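Have a look at the structure below before the remarks.
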Amino acid sequence: MTTPLLFLFILGDILGAGVYVLVGKVAGQSGGAVWAPLVLAWCLAMLTAGSYVELATKYPRAGGAAHYAQRAFGPFAAFLVGFCMLAAGVVSVAALALGFAGEYLSQFVTLPTVLVAGVFLAALGLLNARGIKDSLRANMAATVVEVGGLLLVIVLGIVVIARGEADPGRLVQFGTAEHGPLSAVLAGAVLAYYSFVGFETSVNVAEETKDPRRAYPRALFGALAFAGVVYVAVGSIAAAVVPPEVLSASSGPLLEVVRLAGGVPLWLFGLIALAAVANGALLTGIMSSRLAYGMARDGLLPAVLARVLPRRRTPWVAIVATTVTSLGLALTGDVASLASTLVLLLLVVFFAVNIAVLVLRRDEVEHDHFRIASVFPVLGAVSCVLLASQVEAGVWLRGMLVLAVGLVLAAGVALRARRRVG
């Protein structure tokens, strides 16, 4: 991969589904100043991105966070980090299935959420099973569409503001009836953080990148910077054009901007948004099923998950297992709670990565690599604790159940590793 190709790959992982679905929920938490939690989440994501850049250029190989945890802390932490990544992927697909079944789809047809989520997940599973080549072709097309949709929202919002039909004063309204200014921004940042995740999966292609020492920092920081500018612009315009209470009540918040602006058929923007949501779910579904397959092949999960289709060579059992689990989560949660659960699980992963950077400073390698100043991993770890402290109790309960399963399985993996050494 060249630097431009890596930039587009990372940007495709970050941009899209989160802001299409969650900007209204962020407004519900933070009030009219939607830009504030978006900027905070952006800055916090940049801190952890610095740790990923150092480790990806120091150890340019697939495996990502689990590999770094293995080198820094051993098999117990490595399994727990890998399990949290897997669980976060499954939760994310469930949240996006619910987002797909919302108001964007209602521009075409109104169907029960359960039915839509089931059909949507089944279709994604079939495309995933067909093979990664066809899946990535669909991803390339959808990425172009979803970026175009966000730019369209910015243009339409500017039109509404120019007509004098917006209220920019909302952008300095911090807080809601439930949250004061500071707690509102922090609560909104938990949801906004979901929109910036995705960059962490790119470390798996570092070993396939030309000159990762130069290419990877430019591509990752560049993609996050581009996504941050677009997200803050979209969130600010949406809040100025549409009252926060209307945004927060909508499962298709950006559709409200298009409706007020006029000139663009609602069904057309609905189609763009559906493509964005489906693309995010497809990419995450591919990652989750391959991670489950890889862990099964390494003996960390039941061996049945490593079975592949004879001709396609795709991990069909892992695809079925992750798809069914996502469906179960979609039927027992809502978009906001599932997004917060995903963030909580990834915060565990990101905390481990930030600490691993500091621990692995004693491990010298022969080649040059990017090095982040030590203060940034420290701040990155602190930011993970800060965001985790803002997660609601109900989300913590769901997350702790997942972590409990992971801890039990990780203990078994660590015990088997000790026996092999002994």
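Residues in the structure tokens are numbered from 1 in each chain, the chains being A, B, ... in the order shown, and ligands are numbered from 1 in the order shown.
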
Item checked: Expected answer as a count of residues only: alpha helix (DSSP H) residues in range 26-152 of chain A -> 104

Note to self: Need the shell around Leu403 in chain A: protein/DNA/RNA residues with any atom at most 8 Å away, counting only C-alpha atoms. Skip same-chain ones fewer than 4 positions apart. Format as a list in words?
What the structure shows: Leu80, Cys84, Gly399 and Leu407 of chain A

Check: Any idea what's packed within 9 Å of range 29-41 of chain A, counting only C-alpha atoms, ignoring anything in its chain fewer than 2 positions away? Could you give it as a PyMOL selection string?
Finding: chain A and resi 23-27+43-46+169-176+178-196+228+231-236+238-240+243-245+248

Margin query: Which residue is closest to Trp316 in chain A? Choose from A:Val264, A:Ala410, A:Ala404, A:Ala129 and count only C-alpha atoms.
Written below: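 Using only C-alpha atoms, the shortest distance to Trp316 in chain A belongs to A:Ala129.
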
Margin query: Just checking: using only C-alpha atoms, which residue out of A:Ala339, A:Val19, A:Val304, A:Ala292 ends up closest to Leu98 in chain A?
Written below: A:Ala339

Check: Residues at most 7 Å from Ala65 in chain A, counting only C-alpha atoms, excluding those fewer than 3 positions away in the same chain, as an MDAnalysis selection string?
Finding: chainID A and resid 68:69 81 353

Check: Neighbours of His367 in chain A within 12 Å (only C-alpha atoms; same-chain residues fewer than 3 positions away dropped), as a PyMOL selection string?
Finding: chain A and resi 57-60+211-213+364+370

Next item on the list: Determine, counting only C-alpha atoms, which protein, DNA and RNA residues have an atom within 12 Å of an atom of Tyr52 in chain A; residues of the same chain fewer than 3 positions away are not included. Present the result as a ChimeraX atom specification.
Entry: /A:45-49,55-60,64-69,198-204,206,216-217,220-221,349-358,369-372,376-377,380

Go ahead and save the residues from that selection, with N, CA and C atoms, as a short mmCIF file (atom, residue, chain, number, x, y, z; two decimals), in the first residue's frame.
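Final file, out.cif:
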data_model
loop_
_atom_site.label_atom_id
_atom_site.label_comp_id
_atom_site.auth_asym_id
_atom_site.auth_seq_id
_atom_site.Cartn_x
_atom_site.Cartn_y
_atom_site.Cartn_z
N ALA A 45 -9.11 10.75 20.70
CA ALA A 45 -8.78 9.70 19.72
C ALA A 45 -7.37 9.91 19.17
N MET A 46 -6.98 11.16 18.96
CA MET A 46 -5.64 11.47 18.46
C MET A 46 -4.56 11.00 19.43
N LEU A 47 -4.82 11.09 20.73
CA LEU A 47 -3.84 10.65 21.72
C LEU A 47 -3.54 9.16 21.55
N THR A 48 -4.58 8.36 21.48
CA THR A 48 -4.40 6.92 21.33
C THR A 48 -3.86 6.58 19.94
N ALA A 49 -4.24 7.35 18.93
CA ALA A 49 -3.72 7.12 17.58
C ALA A 49 -2.20 7.23 17.57
N LEU A 55 3.58 1.89 17.66
CA LEU A 55 3.65 0.43 17.70
C LEU A 55 3.54 -0.18 16.31
N ALA A 56 2.72 0.40 15.44
CA ALA A 56 2.57 -0.14 14.09
C ALA A 56 3.84 0.01 13.27
N THR A 57 4.58 1.10 13.48
CA THR A 57 5.83 1.28 12.75
C THR A 57 6.99 0.54 13.42
N LYS A 58 6.85 0.26 14.70
CA LYS A 58 7.88 -0.50 15.40
C LYS A 58 7.72 -1.99 15.15
N TYR A 59 6.47 -2.46 15.11
CA TYR A 59 6.17 -3.87 14.84
C TYR A 59 5.18 -3.94 13.67
N PRO A 60 5.65 -3.72 12.43
CA PRO A 60 4.74 -3.68 11.28
C PRO A 60 4.29 -5.07 10.86
N GLY A 64 -2.22 -6.42 15.49
CA GLY A 64 -2.72 -5.22 16.14
C GLY A 64 -2.55 -5.21 17.64
N ALA A 65 -3.58 -4.72 18.32
CA ALA A 65 -3.52 -4.51 19.76
C ALA A 65 -3.20 -5.79 20.53
N ALA A 66 -3.75 -6.92 20.09
CA ALA A 66 -3.48 -8.19 20.77
C ALA A 66 -1.99 -8.55 20.69
N HIS A 67 -1.39 -8.29 19.54
CA HIS A 67 0.05 -8.57 19.39
C HIS A 67 0.88 -7.68 20.31
N TYR A 68 0.51 -6.40 20.40
CA TYR A 68 1.26 -5.49 21.27
C TYR A 68 1.09 -5.90 22.73
N ALA A 69 -0.12 -6.30 23.11
CA ALA A 69 -0.36 -6.74 24.49
C ALA A 69 0.42 -8.01 24.79
N GLY A 198 -12.19 2.96 14.49
CA GLY A 198 -12.02 2.34 13.18
C GLY A 198 -10.57 2.41 12.76
N PHE A 199 -9.87 3.48 13.22
CA PHE A 199 -8.45 3.61 12.87
C PHE A 199 -7.62 2.47 13.42
N GLU A 200 -8.09 1.86 14.53
CA GLU A 200 -7.29 0.83 15.20
C GLU A 200 -7.14 -0.43 14.36
N THR A 201 -8.08 -0.69 13.43
CA THR A 201 -7.99 -1.89 12.61
C THR A 201 -6.93 -1.77 11.52
N SER A 202 -6.51 -0.53 11.21
CA SER A 202 -5.57 -0.33 10.11
C SER A 202 -4.17 -0.86 10.42
N VAL A 203 -3.85 -1.09 11.69
CA VAL A 203 -2.51 -1.59 12.02
C VAL A 203 -2.28 -2.97 11.42
N ASN A 204 -3.36 -3.67 11.07
CA ASN A 204 -3.21 -5.01 10.51
C ASN A 204 -2.65 -5.00 9.09
N ALA A 206 -0.19 -2.72 8.24
CA ALA A 206 1.07 -1.99 8.30
C ALA A 206 2.19 -2.74 7.59
N TYR A 216 2.69 5.41 7.39
CA TYR A 216 1.62 5.15 8.37
C TYR A 216 1.28 6.39 9.20
N PRO A 217 2.27 7.13 9.75
CA PRO A 217 1.89 8.34 10.51
C PRO A 217 1.13 9.34 9.66
N LEU A 220 -2.53 7.87 8.92
CA LEU A 220 -3.44 7.77 10.08
C LEU A 220 -3.79 9.14 10.64
N PHE A 221 -2.78 9.98 10.88
CA PHE A 221 -3.08 11.32 11.39
C PHE A 221 -3.85 12.14 10.37
N VAL A 349 -9.21 -1.77 25.39
CA VAL A 349 -8.17 -2.04 24.41
C VAL A 349 -7.20 -0.87 24.31
N PHE A 350 -7.74 0.34 24.21
CA PHE A 350 -6.90 1.52 24.03
C PHE A 350 -6.05 1.79 25.26
N PHE A 351 -6.60 1.53 26.44
CA PHE A 351 -5.82 1.70 27.67
C PHE A 351 -4.60 0.76 27.63
N ALA A 352 -4.84 -0.50 27.24
CA ALA A 352 -3.74 -1.46 27.16
C ALA A 352 -2.69 -1.03 26.14
N VAL A 353 -3.12 -0.50 25.00
CA VAL A 353 -2.19 -0.07 23.96
C VAL A 353 -1.35 1.11 24.43
N ASN A 354 -1.97 2.07 25.10
CA ASN A 354 -1.23 3.23 25.60
C ASN A 354 -0.18 2.83 26.64
N ILE A 355 -0.53 1.89 27.50
CA ILE A 355 0.45 1.42 28.49
C ILE A 355 1.53 0.57 27.81
N ALA A 356 1.13 -0.23 26.81
CA ALA A 356 2.08 -1.09 26.11
C ALA A 356 3.19 -0.28 25.44
N VAL A 357 2.85 0.90 24.92
CA VAL A 357 3.87 1.76 24.31
C VAL A 357 4.99 2.05 25.29
N LEU A 358 4.62 2.40 26.51
CA LEU A 358 5.62 2.75 27.52
C LEU A 358 6.41 1.52 27.97
N HIS A 369 11.70 3.82 13.58
CA HIS A 369 10.24 3.84 13.68
C HIS A 369 9.79 5.16 14.29
N PHE A 370 8.52 5.46 14.11
CA PHE A 370 7.93 6.66 14.70
C PHE A 370 7.93 6.53 16.22
N ARG A 371 8.23 7.62 16.90
CA ARG A 371 8.22 7.62 18.37
C ARG A 371 7.42 8.81 18.85
N ILE A 372 6.41 8.54 19.65
CA ILE A 372 5.57 9.58 20.21
C ILE A 372 6.13 10.01 21.56
N PHE A 376 2.07 11.72 25.65
CA PHE A 376 0.84 11.44 24.92
C PHE A 376 0.24 10.07 25.26
N PRO A 377 1.04 8.99 25.34
CA PRO A 377 0.45 7.73 25.83
C PRO A 377 -0.10 7.83 27.25
N GLY A 380 -3.24 9.55 26.90
CA GLY A 380 -4.17 8.64 26.25
C GLY A 380 -4.78 7.65 27.23
#

Notebook entry, point to check: Counting only C-alpha atoms, which of A:Ser289, A:Ser106, A:Ser389, A:Ser51 gets nearest to Ser250 in chain A?
Noted result: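 Of the candidates, the smallest distance to Ser250 in chain A is held by A:Ser106.
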
Margin query: Calculated over only C-alpha atoms, which of the candidates A:Asp298, A:Asp368, A:Asp363, A:Glu256 has the smallest distance to Tyr104 in chain A?
Written below: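 Using only C-alpha atoms, the shortest distance to Tyr104 in chain A belongs to A:Glu256.
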
Checklist line | Atomic distance CA of Ala306 in chain A - CA of Tyr293 in chain A, expressed in Å with one decimal | finding: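 If I compute the distance from CA of Ala306 in chain A to CA of Tyr293 in chain A, I get 4.8 Å.
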
What are the closest atom pairs, with distances in Å to one decimal, for each residue of range 198-284 of chain A lying within 12 Å of range 320-331 of chain A, using only C-alpha atoms, rows by chain and rising residue number, as CSV?
residue,atom,partner,partner_atom,distance
A:Ala281,CA,A:Ser326,CA,10.5
A:Leu282,CA,A:Thr323,CA,10.9
A:Thr284,CA,A:Thr322,CA,10.6
